[in-house]
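Coordinates as given in upload35.cif (mmCIF, C-alpha atoms):
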data_data
#
loop_
_atom_site.label_atom_id
_atom_site.label_comp_id
_atom_site.auth_asym_id
_atom_site.auth_seq_id
_atom_site.Cartn_x
_atom_site.Cartn_y
_atom_site.Cartn_z
CA MET A 11 0.00 0.00 0.00
CA THR A 12 1.04 3.56 -0.61
CA ARG A 13 1.50 6.01 2.26
CA GLN A 14 -1.70 7.75 1.20
CA THR A 15 -3.64 4.46 1.34
CA TRP A 16 -2.29 3.63 4.80
CA THR A 17 -3.20 7.11 5.99
CA ALA A 18 -6.76 6.72 4.66
CA VAL A 19 -7.17 3.29 6.27
CA VAL A 20 -5.84 4.42 9.65
CA SER A 21 -7.98 7.56 9.55
CA SER A 22 -11.06 5.51 8.75
CA LEU A 23 -10.37 3.11 11.60
CA VAL A 24 -9.81 5.98 14.03
CA PHE A 25 -13.05 7.61 12.85
CA ILE A 26 -15.00 4.35 13.32
CA ALA A 27 -13.50 3.84 16.79
CA LEU A 28 -14.34 7.40 17.85
CA ALA A 29 -17.86 7.09 16.44
CA ALA A 30 -18.36 3.86 18.39
CA VAL A 31 -17.13 5.50 21.60
CA ILE A 32 -19.46 8.46 21.10
CA ALA A 33 -22.41 6.23 20.18
CA PHE A 34 -22.15 3.92 23.17
CA ALA A 35 -20.87 6.31 25.82
CA PRO A 36 -23.54 7.16 28.44
CA ILE A 37 -25.40 10.41 27.85
CA PRO A 38 -27.10 12.54 30.57
CA PHE A 39 -30.64 11.39 29.84
CA VAL A 40 -33.14 8.92 31.31
CA ALA A 41 -35.67 6.81 29.39
CA TRP A 42 -39.23 6.18 30.54
CA THR A 43 -41.11 3.16 29.19
CA PRO A 44 -44.38 1.42 30.23
CA GLY A 45 -43.78 -0.61 33.38
CA VAL A 46 -45.39 -3.58 35.08
CA THR A 47 -48.93 -3.24 36.44
CA TYR A 48 -49.94 -4.80 39.76
CA ASP A 49 -53.41 -6.01 40.71
CA VAL A 50 -53.55 -4.73 44.30
CA LEU A 51 -56.67 -6.81 44.90
CA GLY A 52 -54.69 -9.90 43.95
CA ALA A 53 -51.88 -11.91 45.53
CA SER A 54 -48.10 -11.94 45.56
CA ASP A 55 -46.10 -15.07 46.40
CA GLY A 56 -49.34 -16.82 47.29
CA LYS A 57 -50.44 -14.18 49.83
CA PRO A 58 -52.98 -11.36 49.37
CA ILE A 59 -51.28 -8.05 48.65
CA ILE A 60 -53.74 -6.37 51.01
CA GLN A 61 -54.10 -8.09 54.39
CA ILE A 62 -56.78 -6.85 56.77
CA ASP A 63 -57.71 -7.85 60.34
CA GLY A 64 -60.01 -6.30 62.90
CA ILE A 65 -62.74 -5.21 60.50
CA THR A 66 -65.29 -6.99 58.31
CA THR A 67 -64.10 -7.51 54.74
CA TYR A 68 -66.11 -8.28 51.61
CA LYS A 69 -65.49 -10.36 48.50
CA THR A 70 -64.20 -8.51 45.46
CA THR A 71 -63.95 -9.55 41.82
CA GLY A 72 -62.06 -8.10 38.91
CA GLU A 73 -58.65 -6.43 38.96
CA MET A 74 -57.56 -3.05 40.30
CA ARG A 75 -54.20 -2.34 38.71
CA MET A 76 -51.55 0.00 40.05
CA THR A 77 -49.41 1.22 37.15
CA THR A 78 -45.67 1.89 37.06
CA VAL A 79 -43.03 3.37 34.79
CA SER A 80 -39.81 1.55 33.93
CA GLN A 81 -36.94 4.04 33.89
CA THR A 82 -33.17 4.02 33.50
CA ARG A 83 -31.71 3.17 36.90
CA ALA A 84 -29.76 5.75 38.88
CA ASP A 85 -26.63 3.57 38.60
CA ALA A 86 -27.07 2.83 34.88
CA GLY A 87 -26.38 4.82 31.73
CA LEU A 88 -28.29 5.47 28.54
CA SER A 89 -26.46 5.35 25.22
CA LEU A 90 -27.21 7.59 22.26
CA PRO A 91 -28.74 4.79 20.12
CA GLU A 92 -30.94 3.75 23.05
CA ALA A 93 -32.06 7.32 23.61
CA LEU A 94 -32.89 7.81 19.93
CA PHE A 95 -34.85 4.55 19.87
CA ASP A 96 -36.87 5.49 22.95
CA TYR A 97 -37.44 9.00 21.56
CA VAL A 98 -39.02 7.83 18.31
CA MET A 99 -41.01 4.89 19.73
CA PRO A 100 -44.58 5.51 20.92
CA HIS A 101 -45.42 5.58 24.64
CA ARG A 102 -41.83 6.36 25.59
CA ASP A 103 -40.04 9.48 26.79
CA VAL A 104 -36.45 10.64 27.10
CA LEU A 105 -35.80 13.24 29.78
CA PRO A 106 -32.73 15.13 31.05
CA ARG A 107 -31.17 13.10 33.86
CA GLU A 108 -31.09 16.00 36.33
CA LEU A 109 -34.89 16.23 36.18
CA ILE A 110 -35.18 12.66 37.51
CA TYR A 111 -32.09 12.18 39.67
CA ALA A 112 -30.68 15.03 41.74
CA PRO A 113 -26.96 15.53 41.02
CA GLY A 114 -24.67 14.00 43.63
CA LYS A 115 -27.13 11.43 44.95
CA SER A 116 -26.05 7.80 44.96
CA ALA A 117 -28.21 4.95 43.69
CA SER A 118 -28.77 3.77 47.26
CA GLN A 119 -29.91 7.24 48.34
CA VAL A 120 -32.36 7.36 45.45
CA ALA A 121 -33.68 3.89 46.33
CA ASP A 122 -34.12 4.89 49.99
CA GLU A 123 -36.06 8.00 49.03
CA GLU A 124 -38.29 6.03 46.68
CA GLN A 125 -39.06 3.48 49.41
CA THR A 126 -39.81 6.27 51.88
CA LEU A 127 -42.32 7.69 49.42
CA MET A 128 -43.88 4.24 48.99
CA SER A 129 -44.14 3.73 52.77
CA THR A 130 -45.84 7.11 53.14
CA ALA A 131 -48.20 6.30 50.26
CA LYS A 132 -49.24 3.01 51.90
CA PHE A 133 -49.87 4.73 55.22
CA ASP A 134 -51.90 7.57 53.69
CA ALA A 135 -53.81 5.13 51.45
CA ILE A 136 -54.97 3.18 54.50
CA VAL A 137 -56.07 6.30 56.39
CA ALA A 138 -57.87 7.78 53.36
CA ALA A 139 -59.72 4.50 52.70
CA LEU A 140 -60.81 4.15 56.33
CA ARG A 141 -62.08 7.70 56.40
CA ALA A 142 -63.95 7.28 53.12
CA ALA A 143 -65.56 4.12 54.55
CA GLY A 144 -66.70 6.01 57.65
CA GLN A 145 -64.32 4.23 60.01
CA PRO A 146 -63.04 6.18 63.05
CA VAL A 147 -59.52 7.57 62.66
CA GLN A 148 -57.85 9.63 65.39
CA GLU A 149 -55.16 12.16 64.46
CA LEU A 150 -52.20 12.17 66.86
CA PRO A 151 -48.65 13.55 67.00
CA MET A 152 -46.18 10.96 65.73
CA VAL A 153 -42.41 10.58 66.02
CA THR A 154 -41.01 10.87 62.48
CA SER A 155 -37.30 10.67 63.29
CA VAL A 156 -35.01 10.22 66.29
CA ARG A 157 -31.57 11.83 66.53
CA VAL A 158 -29.00 9.07 67.07
CA SER A 159 -26.97 11.13 69.54
CA GLY A 160 -30.05 12.50 71.32
CA PRO A 161 -31.66 11.52 74.63
CA SER A 162 -34.56 9.68 72.92
CA ASN A 163 -32.33 7.23 71.06
CA ASP A 164 -33.29 3.64 71.98
CA LYS A 165 -36.34 4.98 73.83
CA LEU A 166 -38.58 6.32 71.07
CA GLN A 167 -38.92 5.06 67.49
CA PRO A 168 -40.21 6.56 64.23
CA GLY A 169 -43.90 5.71 64.05
CA ASP A 170 -44.55 6.02 67.79
CA LEU A 171 -47.83 7.88 68.41
CA ILE A 172 -47.46 10.32 71.30
CA LEU A 173 -50.45 10.14 73.64
CA MET A 174 -49.31 12.05 76.73
CA VAL A 175 -46.50 14.27 77.98
CA ASP A 176 -46.19 14.18 81.76
CA ASN A 177 -49.67 12.63 82.04
CA VAL A 178 -51.25 15.44 79.99
CA ALA A 179 -52.96 14.38 76.74
CA VAL A 180 -51.56 15.94 73.56
CA GLY A 181 -53.32 16.19 70.21
CA THR A 182 -50.83 17.92 67.92
CA SER A 183 -47.08 18.24 67.39
CA ASP A 184 -47.33 21.80 68.70
CA ASP A 185 -48.80 20.46 71.94
CA VAL A 186 -45.82 18.13 72.35
CA SER A 187 -43.30 20.87 71.61
CA ALA A 188 -44.97 23.31 74.02
CA ARG A 189 -45.06 20.81 76.90
CA ILE A 190 -41.38 19.93 76.47
CA LYS A 191 -40.31 23.59 76.19
CA ASP A 192 -42.26 24.44 79.35
CA LYS A 193 -40.41 21.64 81.17
CA GLY A 194 -37.06 23.33 80.65
CA VAL A 195 -33.56 22.06 79.90
CA GLY A 196 -32.06 19.30 82.08
CA GLN A 197 -35.36 17.95 83.37
CA LYS A 198 -36.99 14.53 83.16
CA VAL A 199 -40.13 14.25 81.06
CA VAL A 200 -42.45 11.23 80.82
CA ILE A 201 -43.65 10.43 77.30
CA GLU A 202 -46.48 7.92 76.81
CA VAL A 203 -46.70 6.45 73.31
CA GLN A 204 -48.64 3.88 71.33
CA ARG A 205 -46.29 1.55 69.45
CA GLN A 206 -48.27 -0.78 67.22
CA ASN A 207 -50.81 -2.28 69.65
CA ALA A 208 -48.91 -1.56 72.88
CA ARG A 209 -48.83 1.49 75.15
CA LEU A 210 -45.40 2.39 76.53
CA SER A 211 -44.22 5.01 79.00
CA VAL A 212 -40.60 6.24 78.84
CA THR A 213 -38.70 8.83 80.86
CA ILE A 214 -36.36 11.08 78.87
CA ASP A 215 -33.93 13.82 79.95
CA THR A 216 -34.44 17.09 78.12
CA VAL A 217 -31.46 18.82 76.49
CA GLY A 218 -30.91 22.19 74.89
CA SER A 219 -31.80 22.61 71.23
CA SER A 220 -28.88 22.73 68.77
CA SER A 221 -30.17 26.07 67.50
CA ASP A 222 -30.86 27.57 70.93
CA GLY A 223 -29.43 25.88 74.02
CA ARG A 224 -32.04 27.55 76.22
CA VAL A 225 -34.92 25.74 74.48
CA ALA A 226 -35.66 22.24 75.76
CA THR A 227 -35.92 19.30 73.36
CA ILE A 228 -35.78 15.50 73.49
CA GLY A 229 -34.05 15.00 70.12
CA VAL A 230 -36.99 13.92 67.95
CA ASN A 231 -38.97 15.32 65.06
CA VAL A 232 -42.73 15.11 65.46
CA GLY A 233 -45.30 15.08 62.65
CA THR A 234 -48.86 13.87 62.24
CA GLY A 235 -49.91 10.25 62.67
CA TYR A 236 -53.16 8.34 62.97
CA SER A 237 -54.66 5.76 65.28
CA TYR A 238 -57.31 3.31 64.09
CA ALA A 239 -58.60 -0.11 65.14
CA PRO A 240 -58.10 -2.34 62.05
CA SER A 241 -54.75 -3.85 61.14
CA ILE A 242 -54.08 -3.25 57.44
CA SER A 243 -50.88 -3.94 55.49
CA LEU A 244 -49.87 -3.88 51.82
CA SER A 245 -47.16 -6.15 50.40
CA ILE A 246 -45.96 -4.35 47.29
CA ASP A 247 -42.97 -5.55 45.25
CA PRO A 248 -39.93 -3.98 47.02
CA ASP A 249 -38.53 -2.94 43.64
CA VAL A 250 -41.47 -0.53 43.24
CA GLY A 251 -40.96 2.86 44.86
CA GLY A 252 -42.51 6.30 44.83
CA GLY A 253 -45.93 7.52 45.84
CA SER A 254 -47.89 7.35 42.59
CA GLY A 255 -49.69 4.13 43.52
CA GLY A 256 -51.50 5.76 46.43
CA LEU A 257 -54.89 6.23 44.77
CA MET A 258 -55.20 2.64 43.55
CA MET A 259 -54.06 1.18 46.87
CA SER A 260 -56.61 3.30 48.73
CA LEU A 261 -59.40 2.43 46.30
CA ALA A 262 -58.63 -1.29 46.66
CA ILE A 263 -58.71 -1.11 50.47
CA TYR A 264 -62.01 0.77 50.33
CA ASP A 265 -63.46 -1.93 48.07
CA LYS A 266 -62.47 -4.67 50.50
CA ILE A 267 -63.88 -3.01 53.65
CA THR A 268 -67.22 -1.83 52.23
CA PRO A 269 -70.25 -3.90 51.17
CA GLY A 270 -70.76 -4.61 47.48
CA ASP A 271 -68.42 -5.38 44.63
CA MET A 272 -67.19 -2.19 42.99
CA LEU A 273 -65.60 -3.82 39.94
CA GLY A 274 -68.09 -6.54 39.03
CA GLY A 275 -65.33 -8.57 37.38
CA HIS A 276 -63.91 -5.67 35.32
CA ILE A 277 -60.27 -4.62 35.07
CA ILE A 278 -59.51 -1.00 35.93
CA ALA A 279 -56.26 0.88 36.43
CA GLY A 280 -55.02 4.29 37.40
CA THR A 281 -52.40 6.41 39.06
CA GLY A 282 -52.05 9.32 41.45
CA THR A 283 -50.65 10.14 44.85
CA ILE A 284 -53.02 10.14 47.81
CA SER A 285 -53.07 12.20 50.99
CA ALA A 286 -54.50 11.10 54.32
CA THR A 287 -57.46 13.37 53.59
CA GLY A 288 -58.09 11.62 50.25
CA ALA A 289 -56.71 14.30 47.91
CA VAL A 290 -55.29 12.91 44.65
CA GLY A 291 -52.06 14.44 43.35
CA ALA A 292 -50.25 14.58 40.02
CA ILE A 293 -47.54 12.12 38.98
CA GLY A 294 -45.00 11.62 36.19
CA GLY A 295 -45.08 9.24 33.23
CA ILE A 296 -48.83 9.36 32.67
CA GLN A 297 -48.61 8.35 29.01
CA GLU A 298 -46.41 5.34 29.78
CA LYS A 299 -48.81 4.27 32.54
CA ILE A 300 -51.81 4.55 30.24
CA ALA A 301 -50.04 2.32 27.71
CA GLY A 302 -49.17 -0.23 30.40
CA ALA A 303 -52.75 -0.28 31.69
CA GLU A 304 -54.21 -0.79 28.24
CA ALA A 305 -51.80 -3.68 27.61
CA ALA A 306 -53.05 -5.23 30.88
CA GLY A 307 -56.63 -5.17 29.61
CA ALA A 308 -58.00 -2.28 31.67
CA LYS A 309 -61.19 -0.57 30.48
CA VAL A 310 -61.10 2.41 32.86
CA PHE A 311 -58.10 4.51 33.87
CA PHE A 312 -58.10 7.09 36.68
CA VAL A 313 -56.10 10.22 35.86
CA PRO A 314 -55.24 12.86 38.49
CA ALA A 315 -56.99 16.10 37.47
CA ASP A 316 -53.67 17.95 37.30
CA ASN A 317 -52.37 15.37 34.79
CA CYS A 318 -55.24 15.72 32.31
CA GLN A 319 -53.25 18.21 30.26
CA ASP A 320 -50.58 15.53 29.81
CA THR A 321 -53.05 13.18 28.11
CA VAL A 322 -53.67 15.48 25.14
CA GLY A 323 -53.05 13.52 21.95
CA VAL A 324 -53.06 10.14 23.69
CA SER A 325 -54.98 7.49 21.76
CA THR A 326 -56.58 4.80 23.93
CA SER A 327 -59.70 2.68 24.03
CA MET A 328 -59.93 3.11 27.80
CA THR A 329 -62.19 5.61 29.51
CA LEU A 330 -59.93 8.23 31.09
CA VAL A 331 -61.62 9.42 34.29
CA LYS A 332 -60.48 12.68 35.89
CA VAL A 333 -60.33 12.64 39.70
CA SER A 334 -59.20 15.06 42.40
CA THR A 335 -60.18 13.00 45.44
CA LEU A 336 -60.69 9.40 46.47
CA LYS A 337 -64.42 10.04 46.93
CA GLU A 338 -64.64 11.32 43.34
CA ALA A 339 -63.04 8.08 42.14
CA ILE A 340 -65.51 6.02 44.19
CA SER A 341 -68.47 7.94 42.75
CA ALA A 342 -67.17 7.93 39.17
CA LEU A 343 -66.34 4.21 38.95
CA PRO A 344 -69.89 2.82 38.51
CA LEU A 345 -70.61 5.47 35.86
CA ALA A 346 -67.45 4.53 33.95
CA LEU A 347 -68.22 0.80 34.12
CA ASP A 348 -71.85 1.18 33.03
CA PRO A 349 -72.14 3.46 29.97
CA SER A 350 -75.79 2.49 29.63
CA SER A 351 -76.62 4.47 32.78
CA GLY A 352 -76.74 7.64 30.68
CA GLN A 353 -74.37 9.44 33.04
CA ARG A 354 -70.75 9.99 32.20
CA PRO A 355 -67.92 10.37 34.73
CA PRO A 356 -65.67 13.46 34.62
CA ALA A 357 -63.26 12.88 31.76
CA CYS A 358 -59.93 14.33 30.64
#
What's the structure tokens form of this structure?
Amino acid sequence: MTRQTWTAVVSSLVFIALAAVIAFAPIPFVAWTPGVTYDVLGASDGKPIIQIDGITTYKTTGEMRMTTVSQTRADAGLSLPEALFDYVMPHRDVLPRELIYAPGKSASQVADEEQTLMSTAKFDAIVAALRAAGQPVQELPMVTSVRVSGPSNDKLQPGDLILMVDNVAVGTSDDVSARIKDKGVGQKVVIEVQRQNARLSVTIDTVGSSSDGRVATIGVNVGTGYSYAPSISLSIDPDVGGGSGGLMMSLAIYDKITPGDMLGGHIIAGTGTISATGAVGAIGGIQEKIAGAEAAGAKVFFVPADNCQDTVGVSTSMTLVKVSTLKEAISALPLALDPSSGQRPPAC
């Protein structure tokens, strides 16, 4: 070969190698695709996903599917060809990575946050369903975190419901804070709590706050919790995180603890966060979740009202029902399942 030929060959090989590196190097984007759907009225590993004791339950038929989005993991990359494929395919999205994963967070931190959101969603779903069913629910101050180096470590736990401070009943986190501040720094305070089904009384030494040493504290953060008679748990796949399944979990619990069969053998699906008061909130990946629900055979899909704008241009055979609260979903479901009634549910 001539020198010119060798130069052309080497240049071509270098170009191909560089192109391959560029093509398959990770890019700062994340792909969203339709994920698995879960029938929360069904079973997992041979056990009901929803387990209820201490209250009458009723037979249900049909499937109530919680929808998910499959996305690029926090510890995985997305190549340029993959991103282009997901961009042009229907029911898929490609988003800037920083919109999904905060810079600097590890994969384990992301997973922990997602599981925290799921735990909160389960808790709020139970409370919202009980309230919608007319079951008594008492609001109480609850320990949300305990400082490891503080005086409450090994005495109080996250989830403890605070009933009394020095034999005085408390109803809010402000009540707890006020009683402890009035006690003063360096004093002993008796805290009575409900932990699961047991009542415990612990004595804790107050210390000065890190922000103001003159203000007494016991080294815990206190939020809002709830006390109710039934025992209700949800066994959701541990790989599923986030709070977007709240509405469907709450609706399924409501169906099981109220007379009648809401679904009548039909398959429905939906998405949306839920608050303890039953408010339904917006989520991400609505188009992917609609596609996943339709593939699972659902005929009705609940859409949070604030997500309706995101369904513009979506083609689906399902009835998209707009909801802002759990009670709206309960009222709209029979209308959506029975078109012959002449009444239509709120739609996107």
Margin query: Could you tell me how far atom CA of Ile201 of chain A sits from atom CA of Asp176 of chain A, in Å to one decimal place?
Written below: 6.4 Å
Next item on the list: Name the residues that the PyMOL selection byres ((chain A and resi 87) around 8) picks from the file above, as a list in words, using the file's chain letters and numbers.
Entry: Pro36, Ile37, Pro38, Val40, Thr82, Arg83, Ala84, Asp85, Ala86, Leu88 and Ser89 of chain A
Can I get the selection written as a compact mmCIF listing (two decimals), keeping the file's coordinate frame, with C-alpha atoms?
# COMPACT_ATOMS: atom_id res chain seq x y z
CA PRO A 36 -23.54 7.16 28.44
CA ILE A 37 -25.40 10.41 27.85
CA PRO A 38 -27.10 12.54 30.57
CA VAL A 40 -33.14 8.92 31.31
CA THR A 82 -33.17 4.02 33.50
CA ARG A 83 -31.71 3.17 36.90
CA ALA A 84 -29.76 5.75 38.88
CA ASP A 85 -26.63 3.57 38.60
CA ALA A 86 -27.07 2.83 34.88
CA LEU A 88 -28.29 5.47 28.54
CA SER A 89 -26.46 5.35 25.22
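Comparing the minimum interatomic distances between Gly194 of chain A and each of A:Ser254, A:Thr70, A:Asn207, A:Thr216, counting all atoms listed in the file, we find that A:Thr216 sits nearest.
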Item checked: Contacts of Leu150 of chain A at 12 Å (all atoms listed in the file; same-chain gap of 6+ positions) as JSON, numbers by chain -> {"A": [169, 170, 171, 172, 173, 174, 179, 180, 181, 182, 183, 184, 185, 186, 203, 204, 232, 233, 234, 235, 236, 237, 238]}
Save the residues we just selected, C-alpha atoms, as a PDB file, in the coordinates of the input?
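The resulting file, out_34.pdb, is reproduced below:
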ATOM      1  CA  GLY A 169     -43.900   5.710  64.050  1.00  0.00           C
ATOM      2  CA  ASP A 170     -44.550   6.020  67.790  1.00  0.00           C
ATOM      3  CA  LEU A 171     -47.830   7.880  68.410  1.00  0.00           C
ATOM      4  CA  ILE A 172     -47.460  10.320  71.300  1.00  0.00           C
ATOM      5  CA  LEU A 173     -50.450  10.140  73.640  1.00  0.00           C
ATOM      6  CA  MET A 174     -49.310  12.050  76.730  1.00  0.00           C
ATOM      7  CA  ALA A 179     -52.960  14.380  76.740  1.00  0.00           C
ATOM      8  CA  VAL A 180     -51.560  15.940  73.560  1.00  0.00           C
ATOM      9  CA  GLY A 181     -53.320  16.190  70.210  1.00  0.00           C
ATOM     10  CA  THR A 182     -50.830  17.920  67.920  1.00  0.00           C
ATOM     11  CA  SER A 183     -47.080  18.240  67.390  1.00  0.00           C
ATOM     12  CA  ASP A 184     -47.330  21.800  68.700  1.00  0.00           C
ATOM     13  CA  ASP A 185     -48.800  20.460  71.940  1.00  0.00           C
ATOM     14  CA  VAL A 186     -45.820  18.130  72.350  1.00  0.00           C
ATOM     15  CA  VAL A 203     -46.700   6.450  73.310  1.00  0.00           C
ATOM     16  CA  GLN A 204     -48.640   3.880  71.330  1.00  0.00           C
ATOM     17  CA  VAL A 232     -42.730  15.110  65.460  1.00  0.00           C
ATOM     18  CA  GLY A 233     -45.300  15.080  62.650  1.00  0.00           C
ATOM     19  CA  THR A 234     -48.860  13.870  62.240  1.00  0.00           C
ATOM     20  CA  GLY A 235     -49.910  10.250  62.670  1.00  0.00           C
ATOM     21  CA  TYR A 236     -53.160   8.340  62.970  1.00  0.00           C
ATOM     22  CA  SER A 237     -54.660   5.760  65.280  1.00  0.00           C
ATOM     23  CA  TYR A 238     -57.310   3.310  64.090  1.00  0.00           C
TER      24      TYR A 238
END
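With distances taken over all atoms listed in the file, A:Gly144 is the one residue among A:Gly144, A:Pro106, A:Pro240, A:Gly256 lying closest to Thr268 of chain A.
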